[in-house]
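Enquirer: Before I ask anything, here is the structure I am working with.
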Amino acid sequence: MFAYILMYAIAAIAIWNKKNKVAGLTILFTLFIFSFLRGESVGTDTTNAMQISTILTRSEVDFDITNFSTYEISTNLVYRIIKSGRSPRLIIEFYSIVTFLFLYLACRRFKINLSILMFGILISGFYIYSYNIARQYTAISVCLYALSFIFDKSWKKSLLFFPWMIFAISIHTSSLFFLPLYLVRYLNPNKITISAIIIGSLIFGTLGDDYIRLFFMEILANDELLSYSNAYSDMITDYSSHSFMGMLFKYLTIALYIYAIIILYKSSSKYTMLLTIAVGILCFTYTLPEVLYRTVHGFDVIAAMLLCYYFTISKEKYTFWAYAILFTYKFFVHGINDPYVFAI
């Protein structure tokens with residue numbers, strides 16, 4: 001629990017010094033150092049990665065880099081380097097460097113106040129998840145940077161979205177869900193489109209939750225994900241996230257996101273449609289058990305990051321503190337039911 005109190009203390013420092021650029025950079029560097037130097041048992045993904053890395057350092061163990069069914073190509077390359085004689089900690093260092101480098105680059109491209117973003121990644125749980133679902137969140141950071149290019153005025157420069165997405169997919173295949181977002185470049189937000197996406201997603205997400213759950217279970221039934229599905233089969237039918245307080249949190253969070261969409265729409269922000277799509281996906285999948293919900297975590301991160309953009313350009317203090325209270329509740333109460341929270 002001390003680690004979480006420390007994180008929230010750092011978050012408080014970040015937000016009280018949001019006009020100080022040095023404070024934002026200092027907190028970013030501090031969080032990076034914590035991640036880079038973390039213990040080998042800190043975080044579920046850390047433990048698993050270190051076990052694999054340690055096994056690979058044994059001379060009698062062979063490792064076939066062409067076996068992409070186990071890990072994506074970038075992770076395989078890091079493991080190949082470890083096999084050639086580097087320290088097993090290289091995998092942790094790779095995750096940390098890529099995650100924080102691209103998070104910072106995305107912050108610059110989206111023109112978000114760095115201190116506000118640091119507050120956001122702490123209080124929304126991004127930082128905690130980056131320890132426990134390290135590979136996926138490393139890829140999500142690259143995706144955030146890639147998404148910044150789709151809003152470039154030059155269509156040629158907007159195509160840089162694709163090479164960065166290829167890199168993200170080479171880290172974690174869940175990044176494939178982000179590829180269609182390039183089309184947001186050609187969508188003009190209007191009241192009818194925004195309302196249809198949000199209301200339609202909420203209705204289908206509520207009435208069609210059984211079909212949605214079956215769809216995501218089919219994804220996990222894929223041969224490459226079968227081991228993951230078997231490992232978490234007892235959690236796939238877990239309805240702990242459907243408790244009254246759990247669902248209340250999700251409804252309130254969606255309400256806050258929708259409020260931000262309305263404000264961004266009124267300010268003619270180019271990010272309005274991206275936030276609408278992300279929130280639509282969250283509305284569509286909000287009834288999923290936490291383990292299945294992991295497949296769309298990236299859209300949660302997009303929404304949280306764009307909220308940070310909204311807080312950067314907005315002076316609405318009440319919305320900001322509503323965000324802070326909601327996500328504090330998420331990770332100190334509702335988070336107990338999540339297999340990836342409180343695991344460090």
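Ordering of the structure tokens sets the chain letters (A, B, ...), residue numbers begin anew at 1 in every chain, and ligands are numbered from 1 in the order given.
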Would you pick out the contacts of A:Leu282 at 8 Å or less, using only C-alpha atoms, so that residues sharing its chain but fewer than 3 positions from it are not included, and give the list as a JSON list (two decimals) with N, CA and C atoms, in the first residue's frame?

Expert:
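Final output, saved to out_39.json:
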```json
[["chain", "number", "residue", "atom", "x", "y", "z"],
["A", 278, "ALA", "N", -12.97, 6.51, -29.04],
["A", 278, "ALA", "CA", -12.41, 5.79, -27.89],
["A", 278, "ALA", "C", -13.49, 5.53, -26.84],
["A", 279, "VAL", "N", -14.27, 6.55, -26.55],
["A", 279, "VAL", "CA", -15.34, 6.41, -25.55],
["A", 279, "VAL", "C", -16.43, 5.47, -26.07],
["A", 285, "THR", "N", -17.93, -1.98, -24.66],
["A", 285, "THR", "CA", -17.31, -3.11, -23.96],
["A", 285, "THR", "C", -17.34, -2.99, -22.44],
["A", 286, "TYR", "N", -18.07, -2.02, -21.91],
["A", 286, "TYR", "CA", -17.96, -1.75, -20.48],
["A", 286, "TYR", "C", -18.49, -2.88, -19.59],
["A", 296, "VAL", "N", -9.10, -4.06, -24.79],
["A", 296, "VAL", "CA", -9.38, -2.70, -25.26],
["A", 296, "VAL", "C", -8.82, -1.64, -24.30],
["A", 299, "PHE", "N", -7.84, 1.92, -25.61],
["A", 299, "PHE", "CA", -8.83, 2.99, -25.82],
["A", 299, "PHE", "C", -9.09, 3.74, -24.52],
["A", 300, "ASP", "N", -8.97, 3.04, -23.40],
["A", 300, "ASP", "CA", -9.08, 3.69, -22.10],
["A", 300, "ASP", "C", -7.94, 4.69, -21.93]]
```

Enquirer: Leaving out stretch 250-266 of chain A and any residue of its chain fewer than 3 positions from it, which residues lie within 9 Å of it when counting only C-alpha atoms, given as JSON, numbers by chain?

Expert: {"A": [189, 190, 191, 194, 198, 245, 246, 247, 269, 270, 271, 272, 273, 275, 276, 279, 282, 283, 286, 303, 304, 306, 307, 310, 314, 319, 322, 323, 326, 327]}

Enquirer: A:Lys111: which residues within 9 Å, counting only C-alpha atoms, same-chain residues fewer than 5 positions away excluded, as a list in words?

Expert: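 So the residues in contact are Ala106, Tyr309 and Thr312 of chain A.
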
Enquirer: Using only C-alpha atoms, which of A:Ala49, A:Val301, A:Ile123, A:Leu114 sits nearest A:Cys143?

Expert: A:Val301

Enquirer: Which is closer to A:Lys18 than all the others in A:Ser201, A:Lys83, A:Tyr95, A:Cys308, using only C-alpha atoms?

Expert: A:Cys308

Enquirer: Report, in Å with one decimal, the straight-line distance from atom CA of A:Ile52 to atom CA of A:Leu176.

Expert: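 Pair atom CA of A:Ile52 / atom CA of A:Leu176 returns 25.3 Å.
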
Enquirer: Hey, can you check how far atom CA of A:Ser87 sits from atom CA of A:Leu28?

Expert: 25.1 Å

Enquirer: Report, in Å with one decimal, the straight-line distance from atom CA of A:Asn17 to atom CA of A:Thr328.

Expert: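 Spanning atom CA of A:Asn17 to atom CA of A:Thr328 is a straight-line distance of 19.7 Å.
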
Enquirer: I need the residues of stretch 78-321 of chain A that end up classed as helix (DSSP H, G or I) by DSSP on the backbone, written out as an MDAnalysis selection string.

Expert: chainID A and resid 78:83 90:110 114:123 126:132 134:151 155:158 161:171 173:186 191:207 209:220 223:231 233:236 240:242 244:266 272:285 290:313 317:321

Enquirer: Return the single residue from A:Leu117, A:Gly39, A:Phe204, A:Leu274 that is closest to A:Ile150, with distances computed using only C-alpha atoms.

Expert: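 Selected residue with least distance to A:Ile150: A:Leu274.
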
Enquirer: Which residue, A:Phe32, A:Tyr182, A:Phe167, A:Phe284, has the smallest gap to A:Trp155 when you use only C-alpha atoms?

Expert: A:Tyr182

Enquirer: Name the residues in contact with A:Glu40 at a cut-off of 9 Å, using only C-alpha atoms, excluding same-chain residues fewer than 2 positions from it; report them as an NGL selection string.

Expert: :A and (37-38 or 42-43 or 46-47 or 49-50 or 89 or 92)

Enquirer: Identify which of the residues A:Ile116, A:Leu77, A:Ile166, A:Leu105 lies closest to A:Lys19, counting only C-alpha atoms when measuring atom-to-atom distances.

Expert: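 Distance minimum relative to A:Lys19 lands on A:Ile116.
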
Enquirer: When you count only C-alpha atoms, which of these residues is closest to A:His297: A:Ile192, A:Ile140, A:Leu183, A:Ile313?

Expert: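 Comparing A:Ile192, A:Ile140, A:Leu183, A:Ile313 against A:His297, the winner is A:Ile140.
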
Enquirer: Which polymer residues have any atom within 10 Å of an atom of A:Thr26, counting only C-alpha atoms, with same-chain residues fewer than 5 positions away left out, as an MDAnalysis selection string?

Expert: chainID A and resid 14 21 31:32 115

Enquirer: I'd like the contact shell of A:Tyr137 - 8 Å cut-off, only C-alpha atoms, skipping same-chain residues fewer than 5 positions apart - returned as number ranges by chain.

Expert: A: 99, 126, 129-130, 298
